[in-house]
Structures are given as structure tokens and as C-alpha cells.
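Student: File structure.pdb below, PDB, C-alpha atoms:
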MODEL        1
ATOM      1  CA  MET A  23       0.000   0.000   0.000
ATOM      2  CA  ASN A  24       1.290   3.444  -0.875
ATOM      3  CA  TRP A  25       1.052   6.149   1.782
ATOM      4  CA  ALA A  26      -0.166   8.658  -0.779
ATOM      5  CA  ASN A  27      -3.265   6.509  -1.483
ATOM      6  CA  GLU A  28      -4.404   6.173   2.141
ATOM      7  CA  SER A  29      -7.561   8.036   3.104
ATOM      8  CA  SER A  30      -6.211   9.575   6.348
ATOM      9  CA  PRO A  31      -5.290  13.303   6.455
ATOM     10  CA  GLN A  32      -2.186  14.057   4.440
ATOM     11  CA  GLU A  33      -0.072  15.484   7.231
ATOM     12  CA  PHE A  34       2.125  14.046   9.954
ATOM     13  CA  ILE A  35       2.711  15.053  13.549
ATOM     14  CA  LEU A  36       6.379  15.451  14.490
ATOM     15  CA  LEU A  37       6.697  14.609  18.171
ATOM     16  CA  GLY A  38      10.304  15.648  18.730
ATOM     17  CA  PHE A  39      10.761  16.170  22.471
ATOM     18  CA  SER A  40       7.088  17.085  22.973
ATOM     19  CA  GLU A  41       6.930  15.108  26.226
ATOM     20  CA  ARG A  42       9.738  17.297  27.573
ATOM     21  CA  SER A  43       8.327  20.791  27.136
ATOM     22  CA  TRP A  44      11.149  22.356  29.165
ATOM     23  CA  LEU A  45      13.538  21.460  26.313
ATOM     24  CA  GLN A  46      11.673  23.500  23.702
ATOM     25  CA  MET A  47      13.274  26.897  24.392
ATOM     26  CA  PRO A  48      16.875  25.603  24.848
ATOM     27  CA  LEU A  49      16.465  23.583  21.645
ATOM     28  CA  PHE A  50      15.161  26.638  19.777
ATOM     29  CA  VAL A  51      18.183  28.700  20.894
ATOM     30  CA  VAL A  52      20.652  25.939  19.934
ATOM     31  CA  LEU A  53      19.019  25.457  16.525
ATOM     32  CA  LEU A  54      18.885  29.185  15.786
ATOM     33  CA  ILE A  55      22.533  29.760  16.748
ATOM     34  CA  SER A  56      23.833  26.673  14.935
ATOM     35  CA  TYR A  57      21.833  27.491  11.779
ATOM     36  CA  THR A  58      23.082  31.096  11.780
ATOM     37  CA  VAL A  59      26.693  29.945  12.214
ATOM     38  CA  THR A  60      26.205  27.299   9.502
ATOM     39  CA  ILE A  61      24.917  29.863   6.989
ATOM     40  CA  PHE A  62      27.608  32.423   7.762
ATOM     41  CA  GLY A  63      30.450  29.871   7.885
ATOM     42  CA  ASN A  64      29.600  27.952   4.723
ATOM     43  CA  VAL A  65      28.719  31.044   2.673
ATOM     44  CA  SER A  66      32.025  32.621   3.758
ATOM     45  CA  ILE A  67      34.003  29.557   2.667
ATOM     46  CA  MET A  68      32.182  29.453  -0.676
ATOM     47  CA  MET A  69      32.875  33.148  -1.337
ATOM     48  CA  VAL A  70      36.539  32.918  -0.336
ATOM     49  CA  CYS A  71      37.140  29.791  -2.447
ATOM     50  CA  ILE A  72      35.508  31.433  -5.469
ATOM     51  CA  LEU A  73      37.026  34.912  -5.123
ATOM     52  CA  ASP A  74      40.612  34.020  -4.166
ATOM     53  CA  PRO A  75      42.584  32.752  -7.220
ATOM     54  CA  LYS A  76      45.067  30.991  -4.926
ATOM     55  CA  LEU A  77      42.278  28.658  -3.802
ATOM     56  CA  HIS A  78      41.297  27.615  -7.325
ATOM     57  CA  THR A  79      42.624  24.098  -6.727
ATOM     58  CA  PRO A  80      40.899  20.679  -6.554
ATOM     59  CA  MET A  81      41.002  20.634  -2.747
ATOM     60  CA  TYR A  82      39.048  23.884  -2.446
ATOM     61  CA  PHE A  83      36.747  23.009  -5.343
ATOM     62  CA  PHE A  84      35.604  19.976  -3.355
ATOM     63  CA  LEU A  85      35.452  22.055  -0.171
ATOM     64  CA  THR A  86      33.092  24.473  -1.957
ATOM     65  CA  ASN A  87      30.877  21.514  -2.887
ATOM     66  CA  LEU A  88      30.943  20.380   0.752
ATOM     67  CA  SER A  89      29.870  23.852   1.912
ATOM     68  CA  ILE A  90      26.973  23.861  -0.573
ATOM     69  CA  LEU A  91      25.932  20.440   0.717
ATOM     70  CA  ASP A  92      26.063  21.483   4.360
ATOM     71  CA  LEU A  93      24.122  24.668   3.658
ATOM     72  CA  CYS A  94      21.342  22.775   1.844
ATOM     73  CA  TYR A  95      21.484  19.933   4.386
ATOM     74  CA  THR A  96      20.514  22.122   7.332
ATOM     75  CA  THR A  97      18.082  24.281   5.334
ATOM     76  CA  THR A  98      16.096  21.120   4.529
ATOM     77  CA  THR A  99      15.190  20.574   8.184
ATOM     78  CA  VAL A 100      16.094  23.428  10.546
ATOM     79  CA  PRO A 101      13.725  26.250   9.377
ATOM     80  CA  HIS A 102      10.700  23.948   9.676
ATOM     81  CA  MET A 103      11.932  22.745  13.082
ATOM     82  CA  LEU A 104      12.251  26.335  14.308
ATOM     83  CA  VAL A 105       8.705  27.138  13.155
ATOM     84  CA  ASN A 106       7.318  23.962  14.731
ATOM     85  CA  ILE A 107       8.873  24.648  18.128
ATOM     86  CA  GLY A 108       6.670  27.741  18.386
ATOM     87  CA  ARG A 109       3.516  25.778  17.569
ATOM     88  CA  ASN A 110       1.306  23.755  19.874
ATOM     89  CA  LYS A 111       0.662  21.234  17.095
ATOM     90  CA  LYS A 112       3.887  20.335  15.301
ATOM     91  CA  THR A 113       2.950  19.065  11.844
ATOM     92  CA  ILE A 114       4.357  18.627   8.369
ATOM     93  CA  SER A 115       2.412  17.973   5.161
ATOM     94  CA  TYR A 116       2.767  14.691   3.319
ATOM     95  CA  GLY A 117       4.457  16.440   0.384
ATOM     96  CA  GLY A 118       6.776  18.312   2.752
ATOM     97  CA  CYS A 119       7.691  15.078   4.501
ATOM     98  CA  VAL A 120       8.494  13.330   1.208
ATOM     99  CA  ALA A 121      10.572  16.270  -0.020
ATOM    100  CA  GLN A 122      12.416  16.469   3.304
ATOM    101  CA  LEU A 123      13.154  12.732   3.279
ATOM    102  CA  ILE A 124      14.410  12.659  -0.321
ATOM    103  CA  ILE A 125      16.570  15.784  -0.062
ATOM    104  CA  PHE A 126      18.012  14.913   3.355
ATOM    105  CA  LEU A 127      18.928  11.396   2.211
ATOM    106  CA  ALA A 128      20.346  12.647  -1.089
ATOM    107  CA  LEU A 129      22.568  15.282   0.471
ATOM    108  CA  GLY A 130      23.753  12.878   3.171
ATOM    109  CA  ALA A 131      24.706  10.224   0.612
ATOM    110  CA  THR A 132      26.393  12.825  -1.593
ATOM    111  CA  GLU A 133      28.468  14.029   1.364
ATOM    112  CA  CYS A 134      29.579  10.447   2.061
ATOM    113  CA  LEU A 135      30.891  10.122  -1.484
ATOM    114  CA  LEU A 136      32.369  13.625  -1.581
ATOM    115  CA  LEU A 137      34.399  13.003   1.586
ATOM    116  CA  ALA A 138      35.849   9.889  -0.082
ATOM    117  CA  VAL A 139      36.746  11.935  -3.180
ATOM    118  CA  MET A 140      38.448  14.520  -0.959
ATOM    119  CA  SER A 141      40.545  11.786   0.676
ATOM    120  CA  PHE A 142      41.625  10.606  -2.789
ATOM    121  CA  ASP A 143      42.651  14.172  -3.600
ATOM    122  CA  ARG A 144      44.841  14.255  -0.474
ATOM    123  CA  PHE A 145      46.299  10.850  -1.391
ATOM    124  CA  VAL A 146      47.342  12.051  -4.841
ATOM    125  CA  ALA A 147      48.705  15.351  -3.441
ATOM    126  CA  ILE A 148      50.941  13.624  -0.887
ATOM    127  CA  CYS A 149      51.747  10.267  -2.469
ATOM    128  CA  ARG A 150      51.883  11.317  -6.158
ATOM    129  CA  PRO A 151      52.839  15.023  -6.025
ATOM    130  CA  LEU A 152      54.599  15.038  -9.415
ATOM    131  CA  HIS A 153      51.491  13.668 -11.126
ATOM    132  CA  TYR A 154      48.949  15.715  -9.128
ATOM    133  CA  VAL A 155      48.184  18.299 -11.826
ATOM    134  CA  VAL A 156      47.766  15.591 -14.470
ATOM    135  CA  ILE A 157      45.567  13.276 -12.369
ATOM    136  CA  MET A 158      43.440  15.916 -10.613
ATOM    137  CA  ASN A 159      42.716  17.956 -13.718
ATOM    138  CA  HIS A 160      39.670  20.197 -14.055
ATOM    139  CA  TRP A 161      37.471  17.735 -15.957
ATOM    140  CA  PHE A 162      38.312  14.805 -13.686
ATOM    141  CA  CYS A 163      37.392  16.841 -10.579
ATOM    142  CA  LEU A 164      34.178  18.029 -12.197
ATOM    143  CA  ARG A 165      33.206  14.466 -13.162
ATOM    144  CA  MET A 166      33.918  13.196  -9.646
ATOM    145  CA  ALA A 167      31.764  15.921  -8.100
ATOM    146  CA  VAL A 168      28.890  15.383 -10.562
ATOM    147  CA  CYS A 169      29.088  11.619 -10.055
ATOM    148  CA  SER A 170      28.840  12.108  -6.272
ATOM    149  CA  TRP A 171      25.724  14.273  -6.614
ATOM    150  CA  ILE A 172      23.994  11.974  -9.116
ATOM    151  CA  THR A 173      24.765   8.823  -7.105
ATOM    152  CA  GLY A 174      23.575  10.493  -3.901
ATOM    153  CA  PHE A 175      20.227  11.504  -5.379
ATOM    154  CA  SER A 176      19.751   8.104  -7.088
ATOM    155  CA  ASN A 177      20.328   6.328  -3.784
ATOM    156  CA  SER A 178      17.889   8.685  -2.081
ATOM    157  CA  VAL A 179      15.094   8.060  -4.580
ATOM    158  CA  LEU A 180      15.550   4.299  -4.149
ATOM    159  CA  GLN A 181      15.646   4.313  -0.339
ATOM    160  CA  SER A 182      12.795   6.829  -0.099
ATOM    161  CA  SER A 183      10.601   4.736  -2.391
ATOM    162  CA  LEU A 184      11.162   1.630  -0.278
ATOM    163  CA  THR A 185      10.374   3.554   2.919
ATOM    164  CA  LEU A 186       7.307   5.403   1.650
ATOM    165  CA  HIS A 187       5.639   2.310   0.201
ATOM    166  CA  MET A 188       5.342   0.627   3.588
ATOM    167  CA  PRO A 189       1.711   0.549   4.913
ATOM    168  CA  ARG A 190       1.185   2.710   7.983
ATOM    169  CA  CYS A 191      -2.491   1.933   8.761
ATOM    170  CA  GLY A 192      -3.342   5.518   9.638
ATOM    171  CA  HIS A 193      -0.355   6.129  11.900
ATOM    172  CA  ARG A 194       0.651   9.797  11.654
ATOM    173  CA  GLU A 195       2.842  10.476  14.690
ATOM    174  CA  VAL A 196       6.509  10.573  13.665
ATOM    175  CA  ASP A 197       8.637  10.294  16.799
ATOM    176  CA  HIS A 198      11.304  12.662  15.501
ATOM    177  CA  PHE A 199      12.027  16.307  14.609
ATOM    178  CA  PHE A 200      11.930  15.665  10.856
ATOM    179  CA  CYS A 201      11.146  12.917   8.346
ATOM    180  CA  GLU A 202      13.976  10.387   8.463
ATOM    181  CA  VAL A 203      14.044   6.726   7.401
ATOM    182  CA  PRO A 204      14.350   5.052  10.856
ATOM    183  CA  ALA A 205      11.524   7.178  12.301
ATOM    184  CA  LEU A 206       9.195   6.621   9.315
ATOM    185  CA  LEU A 207       9.753   2.860   9.319
ATOM    186  CA  LYS A 208       8.483   2.742  12.913
ATOM    187  CA  LEU A 209       5.079   3.954  11.641
ATOM    188  CA  SER A 210       4.591   0.832   9.543
ATOM    189  CA  CYS A 211       2.016  -1.722  10.637
ATOM    190  CA  ALA A 212       3.669  -4.455   8.527
ATOM    191  CA  ASP A 213       6.848  -6.466   9.014
ATOM    192  CA  THR A 214       9.708  -4.094   8.194
ATOM    193  CA  LYS A 215      12.545  -6.617   8.371
ATOM    194  CA  PRO A 216      12.696  -7.291   4.577
ATOM    195  CA  ILE A 217      12.765  -3.546   3.877
ATOM    196  CA  GLU A 218      15.308  -2.997   6.637
ATOM    197  CA  ALA A 219      17.540  -5.646   5.036
ATOM    198  CA  GLU A 220      17.342  -3.888   1.643
ATOM    199  CA  LEU A 221      17.972  -0.472   3.174
ATOM    200  CA  PHE A 222      20.886  -1.899   5.154
ATOM    201  CA  PHE A 223      22.448  -3.190   1.926
ATOM    202  CA  PHE A 224      22.250   0.220   0.241
ATOM    203  CA  SER A 225      23.480   1.948   3.403
ATOM    204  CA  VAL A 226      26.519  -0.331   3.433
ATOM    205  CA  LEU A 227      27.292   0.657  -0.151
ATOM    206  CA  ILE A 228      26.944   4.372   0.553
ATOM    207  CA  LEU A 229      28.606   4.427   3.980
ATOM    208  CA  LEU A 230      31.111   1.605   4.332
ATOM    209  CA  ILE A 231      32.605   1.587   0.821
ATOM    210  CA  PRO A 232      33.578   5.278   1.009
ATOM    211  CA  VAL A 233      34.877   4.757   4.566
ATOM    212  CA  THR A 234      37.025   1.865   3.321
ATOM    213  CA  LEU A 235      38.410   4.020   0.499
ATOM    214  CA  ILE A 236      39.172   6.793   2.985
ATOM    215  CA  LEU A 237      40.997   4.396   5.320
ATOM    216  CA  VAL A 238      43.020   2.932   2.453
ATOM    217  CA  SER A 239      43.918   6.423   1.192
ATOM    218  CA  TYR A 240      45.081   7.518   4.619
ATOM    219  CA  GLY A 241      46.995   4.293   5.103
ATOM    220  CA  PHE A 242      49.108   5.188   2.061
ATOM    221  CA  ILE A 243      49.291   8.820   3.193
ATOM    222  CA  VAL A 244      50.674   7.856   6.606
ATOM    223  CA  GLN A 245      53.286   5.620   4.981
ATOM    224  CA  ALA A 246      54.346   8.438   2.645
ATOM    225  CA  VAL A 247      54.469  11.053   5.412
ATOM    226  CA  LEU A 248      56.560   8.876   7.715
ATOM    227  CA  LYS A 249      59.192   8.704   4.983
ATOM    228  CA  ILE A 250      59.589  12.492   5.058
ATOM    229  CA  ARG A 251      62.753  13.225   7.000
ATOM    230  CA  SER A 252      62.040  16.732   8.271
ATOM    231  CA  ALA A 253      59.640  17.194  11.190
ATOM    232  CA  GLU A 254      58.324  20.388   9.566
ATOM    233  CA  GLY A 255      57.511  18.509   6.364
ATOM    234  CA  ARG A 256      55.659  15.791   8.260
ATOM    235  CA  ARG A 257      53.731  18.362  10.285
ATOM    236  CA  LYS A 258      52.689  20.253   7.146
ATOM    237  CA  ALA A 259      51.605  17.057   5.377
ATOM    238  CA  PHE A 260      49.532  15.883   8.325
ATOM    239  CA  GLY A 261      48.122  19.408   8.731
ATOM    240  CA  THR A 262      46.539  19.322   5.281
ATOM    241  CA  CYS A 263      44.751  16.085   6.196
ATOM    242  CA  GLY A 264      43.819  16.801   9.820
ATOM    243  CA  SER A 265      40.723  18.882   9.075
ATOM    244  CA  HIS A 266      39.375  16.306   6.644
ATOM    245  CA  LEU A 267      39.897  13.461   9.129
ATOM    246  CA  ILE A 268      38.016  15.340  11.870
ATOM    247  CA  VAL A 269      35.070  16.011   9.538
ATOM    248  CA  VAL A 270      35.041  12.387   8.374
ATOM    249  CA  SER A 271      35.036  11.095  11.962
ATOM    250  CA  LEU A 272      32.174  13.360  13.040
ATOM    251  CA  PHE A 273      29.971  12.684  10.029
ATOM    252  CA  TYR A 274      30.546   8.974   9.458
ATOM    253  CA  GLY A 275      30.539   8.029  13.131
ATOM    254  CA  THR A 276      27.018   9.335  13.724
ATOM    255  CA  ALA A 277      25.629   8.341  10.305
ATOM    256  CA  ILE A 278      26.852   4.749  10.667
ATOM    257  CA  TYR A 279      25.272   4.569  14.123
ATOM    258  CA  MET A 280      21.887   5.625  12.696
ATOM    259  CA  TYR A 281      21.746   3.692   9.426
ATOM    260  CA  LEU A 282      23.671   0.468  10.012
ATOM    261  CA  GLN A 283      21.434  -0.957  12.713
ATOM    262  CA  PRO A 284      17.722  -1.841  12.800
ATOM    263  CA  PRO A 285      15.451   1.093  13.721
ATOM    264  CA  SER A 286      13.851  -1.045  16.432
ATOM    265  CA  SER A 287      17.178  -1.408  18.262
ATOM    266  CA  THR A 288      17.846   2.310  18.717
ATOM    267  CA  SER A 289      16.812   4.306  21.766
ATOM    268  CA  LYS A 290      14.324   6.860  20.453
ATOM    269  CA  ASP A 291      15.742   9.829  22.375
ATOM    270  CA  TRP A 292      19.346   8.856  21.678
ATOM    271  CA  GLY A 293      18.527   8.427  17.983
ATOM    272  CA  LYS A 294      17.044  11.939  17.893
ATOM    273  CA  MET A 295      20.155  13.420  19.496
ATOM    274  CA  VAL A 296      22.458  11.609  17.046
ATOM    275  CA  SER A 297      20.367  12.847  14.106
ATOM    276  CA  LEU A 298      20.552  16.402  15.411
ATOM    277  CA  PHE A 299      24.320  16.067  15.699
ATOM    278  CA  TYR A 300      25.116  14.843  12.181
ATOM    279  CA  GLY A 301      22.288  16.792  10.552
ATOM    280  CA  ILE A 302      22.810  20.147  12.266
ATOM    281  CA  ILE A 303      25.904  20.358  14.488
ATOM    282  CA  THR A 304      28.350  18.736  12.034
ATOM    283  CA  PRO A 305      27.482  21.122   9.138
ATOM    284  CA  MET A 306      28.046  23.995  11.579
ATOM    285  CA  LEU A 307      31.439  22.638  12.701
ATOM    286  CA  ASN A 308      32.767  21.845   9.210
ATOM    287  CA  PRO A 309      33.548  25.451   8.146
ATOM    288  CA  LEU A 310      35.000  26.198  11.577
ATOM    289  CA  ILE A 311      37.271  23.150  11.393
ATOM    290  CA  TYR A 312      38.489  23.935   7.884
ATOM    291  CA  SER A 313      38.981  27.656   8.475
ATOM    292  CA  LEU A 314      40.618  27.471  11.913
ATOM    293  CA  ARG A 315      43.025  24.652  11.044
ATOM    294  CA  ASN A 316      43.971  25.743   7.538
ATOM    295  CA  LYS A 317      46.651  28.420   6.999
ATOM    296  CA  ASP A 318      45.711  28.893   3.337
ATOM    297  CA  MET A 319      42.093  29.509   4.304
ATOM    298  CA  LYS A 320      43.072  31.993   7.016
ATOM    299  CA  GLY A 321      45.264  33.886   4.540
ATOM    300  CA  ALA A 322      42.470  33.885   1.953
ATOM    301  CA  PHE A 323      40.012  35.336   4.481
ATOM    302  CA  LYS A 324      42.452  38.163   5.233
ATOM    303  CA  ARG A 325      42.869  38.905   1.518
ATOM    304  CA  VAL A 326      39.244  38.579   0.400
ATOM    305  CA  MET A 327      37.136  39.908   3.292
ATOM    306  CA  PRO A 328      38.544  43.488   3.177
ATOM    307  CA  ARG A 329      37.780  43.583  -0.561
ATOM    308  CA  ILE A 330      34.195  42.468   0.054
ATOM    309  CA  ILE A 331      33.663  44.992   2.862
ATOM    310  CA  PHE A 332      35.195  47.798   0.806
ATOM    311  CA  TYR A 333      33.056  46.859  -2.213
ATOM    312  CA  LYS A 334      29.864  46.944  -0.129
ATOM    313  CA  LYS A 335      30.740  50.388   1.145
TER
ENDMDL
END
With the file now loaded, output its structure as C-alpha cells.

Tutor:
Amino acid sequence: MNWANESSPQEFILLGFSERSWLQMPLFVVLLISYTVTIFGNVSIMMVCILDPKLHTPMYFFLTNLSILDLCYTTTTVPHMLVNIGRNKKTISYGGCVAQLIIFLALGATECLLLAVMSFDRFVAICRPLHYVVIMNHWFCLRMAVCSWITGFSNSVLQSSLTLHMPRCGHREVDHFFCEVPALLKLSCADTKPIEAELFFFSVLILLIPVTLILVSYGFIVQAVLKIRSAEGRRKAFGTCGSHLIVVSLFYGTAIYMYLQPPSSTSKDWGKMVSLFYGIITPMLNPLIYSLRNKDMKGAFKRVMPRIIFYKK
């Protein structure tokens, strides 16, 4: 049975932390601050990477894509969450729920693949420096980015279709802040184990294969760096990879926790907190991590920001 064909009202109630009303205001403040920082941080990185010619390299091309992803990622869920916190009845339309599910899944899968591509870029830069310009040419980078986006959206359409075609028998209360696969599967009145097995298979492809590629890339990177004789050279090489490793750990750690175990086995409140972390907090931290730990980015901010301010005046 398709949800769209059921006769019940075409809206869903998002429970969130409704049973803990005292959390509403602190959550609103956290969401508002994190969303503001996310917008400012990611837009700043995008502008600096575009306007500073010294950052017109593959590494910063992929970083710009990551900033676009993070910006869209939070915009898919946070504005509606902020509006709902101020309402007594926290609802979302059926169409809004479907759109939120598809876009959130697509951007999450795309980020998984993009982080793997970024690790390959670091591998080539450190392990094959003489061939870097040839391998990481403009068209290759563009194809890798486009492939990540297309694969992410294709995976999302597939997983969303499987989730949305489960019968829900009139159940409308989604025990979450937004429409996400584990929470929607819990609405089903049928056996979800076959669907969970299929979703698990696709999640393994999207999550574990990129993680494996990242680990292999960094295995070679560590070997190459340890062969560098000077301590300064080793520190610089590891410095270019440190930010990426932190982002990978934050994003993959929480995403794997949510999507590589049955929805029935997760604590509902803990699952909500994990989703908030990788869906909202991580996109806020990414620009801070890259800008604070990256000397090139700091220098670019100093060069570009005065020009932007002066131009506005």
C-alpha cells in the first residue's frame, strides 16, 4: 500500500521532544545559533574559495561543494523545526515530509561520497605530487563531483521509495524532529525486516565503501608522510589532512550509528540526538574546522574579506 493513497489526512505530527516541554526553548536557541553559524560559515568559505585565485585548486573546489551540501542539508530541516517549536501542534504535510526525506537522504549520501573523493585528492597530493596536476585535472574533478551528486540523489530516490511504500495503517505520529528513514519505518504496521535488510544493503554501499576508500587512502598517506625526513615537512603534510579526518570522523561516526542498525534497536531519544548532531551540528562545525586549522584559508580570508567589505561600502 502506498502512503499517498491512504484516506487519512495528508499530514504528519512530528513529536520531537514534545513530552519534555522544558527542552523546547533551549532547543530553539541551539538550533537558531547553529543554523546562523552554519549559513555564515559555509557562505564565507564558498565566497573565499571562489574569489581568491590561490584557492582555485581541486582541494578547495571539493570544499566548496561540501559547503553547498552542508548549507542545503541544514536548510532542509532546521527552518521547519524552528517554526514547529513555536507551535502547539507540530505538523508537516505529506508532500513536505516526502521532499524532506528525499533531499536529506540525497545530500547525506552525496556528502559520504564527496568526503571519499576529498581523501583521494589528499592521497594524490601527498603520495603522487609530481602527477597531481595531471591526475586531478579540471574535468576529472568536475566528473567526480557530478558523479557524487547523481549517485547520492539516485540512492535517495531508491531508499525513499522503499520507505514510503510501507503501509502505515493511519499512523501519523513521527517520533522525531523531521522525516527520516528510521523514524518513518516505525510507523509501519507491517513487518519491516525485509525492507530494513534492503535499506541496510544500500546503506553499506553508501557508507562503508567510502569509509574503506578513505581508510586505504590515509593508510598510504601515513606511509608516505613517515618517509619524510624533516619534522616540519611531516607536520605540514599531516596538517593538510587533519581537518578532513576530523570532519570524516564526526559525520561517518554518527551516520553509521543511525543507518547500520535496525530502527527497532535504537533508543528513540538517543537516535534523535544523534540525528541532530550529524544533521545540524556537524554542518556547523565543518567550516570552523576547515577555516581554523587551515593556513591557506586563514590567509584567503584576510585577503578577500577586506575587498568584500570595501566593495559593499

Student: Mind pulling up the distance from atom CA of Phe34 of chain A to atom CA of Ser178 of chain A?

Tutor: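 Atom-to-atom, atom CA of Ser178 of chain A to atom CA of Phe34 of chain A, that is 20.5 Å.
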
Student: Provide the atom CA of Ile243 of chain A to atom CA of Val155 of chain A distance in Å, to one decimal place.

Tutor: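 Computing it gives 17.8 Å between the two atoms.
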
Student: Applying the PyMOL selection byres ((chain A and resi 125) around 9) to the file I just gave you, which residues come out? Please list them as a PyMOL selection string.

Tutor: chain A and resi 94-95+98+120-124+126-130+175+178

Student: Skip Ala131 of chain A itself and residues of its chain fewer than 3 positions away, then list as a PyMOL selection string all residues within 10 Å of it, counting all atoms listed in the file.

Tutor: chain A and resi 125-128+134-136+170-178+225+227-229+277

Student: If you measure from atom CA of Arg194 of chain A to atom CA of Leu104 of chain A, what distance in Å do you get, rounded to one decimal?

Tutor: 20.4 Å

Student: Hey, could you patch up segment 242-253 of chain A with N, CA, C and O atoms and hand it over as a PDB file, in the frame of the given file?

Tutor:
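Output below, filename rebuild_39.pdb:
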ATOM      1  N   PHE A 242      48.002   4.833   2.961  1.00  0.00           N
ATOM      2  CA  PHE A 242      49.108   5.188   2.061  1.00  0.00           C
ATOM      3  C   PHE A 242      49.696   6.555   2.418  1.00  0.00           C
ATOM      4  O   PHE A 242      50.906   6.767   2.329  1.00  0.00           O
ATOM      5  N   ILE A 243      48.820   7.486   2.823  1.00  0.00           N
ATOM      6  CA  ILE A 243      49.291   8.820   3.193  1.00  0.00           C
ATOM      7  C   ILE A 243      50.220   8.758   4.398  1.00  0.00           C
ATOM      8  O   ILE A 243      51.289   9.386   4.416  1.00  0.00           O
ATOM      9  N   VAL A 244      49.830   7.993   5.406  1.00  0.00           N
ATOM     10  CA  VAL A 244      50.674   7.856   6.606  1.00  0.00           C
ATOM     11  C   VAL A 244      52.028   7.260   6.247  1.00  0.00           C
ATOM     12  O   VAL A 244      53.082   7.728   6.718  1.00  0.00           O
ATOM     13  N   GLN A 245      52.019   6.224   5.410  1.00  0.00           N
ATOM     14  CA  GLN A 245      53.286   5.620   4.981  1.00  0.00           C
ATOM     15  C   GLN A 245      54.170   6.645   4.282  1.00  0.00           C
ATOM     16  O   GLN A 245      55.386   6.716   4.535  1.00  0.00           O
ATOM     17  N   ALA A 246      53.569   7.437   3.396  1.00  0.00           N
ATOM     18  CA  ALA A 246      54.346   8.438   2.645  1.00  0.00           C
ATOM     19  C   ALA A 246      54.883   9.536   3.567  1.00  0.00           C
ATOM     20  O   ALA A 246      56.031   9.975   3.440  1.00  0.00           O
ATOM     21  N   VAL A 247      54.061   9.967   4.521  1.00  0.00           N
ATOM     22  CA  VAL A 247      54.469  11.053   5.412  1.00  0.00           C
ATOM     23  C   VAL A 247      55.595  10.609   6.333  1.00  0.00           C
ATOM     24  O   VAL A 247      56.521  11.386   6.626  1.00  0.00           O
ATOM     25  N   LEU A 248      55.517   9.373   6.810  1.00  0.00           N
ATOM     26  CA  LEU A 248      56.560   8.876   7.715  1.00  0.00           C
ATOM     27  C   LEU A 248      57.923   8.780   7.036  1.00  0.00           C
ATOM     28  O   LEU A 248      58.959   8.731   7.723  1.00  0.00           O
ATOM     29  N   LYS A 249      57.919   8.755   5.713  1.00  0.00           N
ATOM     30  CA  LYS A 249      59.192   8.704   4.983  1.00  0.00           C
ATOM     31  C   LYS A 249      59.828  10.089   4.831  1.00  0.00           C
ATOM     32  O   LYS A 249      60.989  10.190   4.433  1.00  0.00           O
ATOM     33  N   ILE A 250      59.045  11.133   5.124  1.00  0.00           N
ATOM     34  CA  ILE A 250      59.589  12.492   5.058  1.00  0.00           C
ATOM     35  C   ILE A 250      60.537  12.689   6.230  1.00  0.00           C
ATOM     36  O   ILE A 250      60.195  12.443   7.389  1.00  0.00           O
ATOM     37  N   ARG A 251      61.735  13.138   5.949  1.00  0.00           N
ATOM     38  CA  ARG A 251      62.753  13.225   7.000  1.00  0.00           C
ATOM     39  C   ARG A 251      62.554  14.403   7.943  1.00  0.00           C
ATOM     40  O   ARG A 251      62.781  14.287   9.149  1.00  0.00           O
ATOM     41  N   SER A 252      62.159  15.547   7.419  1.00  0.00           N
ATOM     42  CA  SER A 252      62.040  16.732   8.271  1.00  0.00           C
ATOM     43  C   SER A 252      60.734  16.720   9.066  1.00  0.00           C
ATOM     44  O   SER A 252      59.676  16.349   8.554  1.00  0.00           O
ATOM     45  N   ALA A 253      60.824  17.126  10.337  1.00  0.00           N
ATOM     46  CA  ALA A 253      59.640  17.194  11.190  1.00  0.00           C
ATOM     47  C   ALA A 253      58.649  18.230  10.669  1.00  0.00           C
ATOM     48  O   ALA A 253      57.433  18.041  10.729  1.00  0.00           O
TER      49      ALA A 253
END
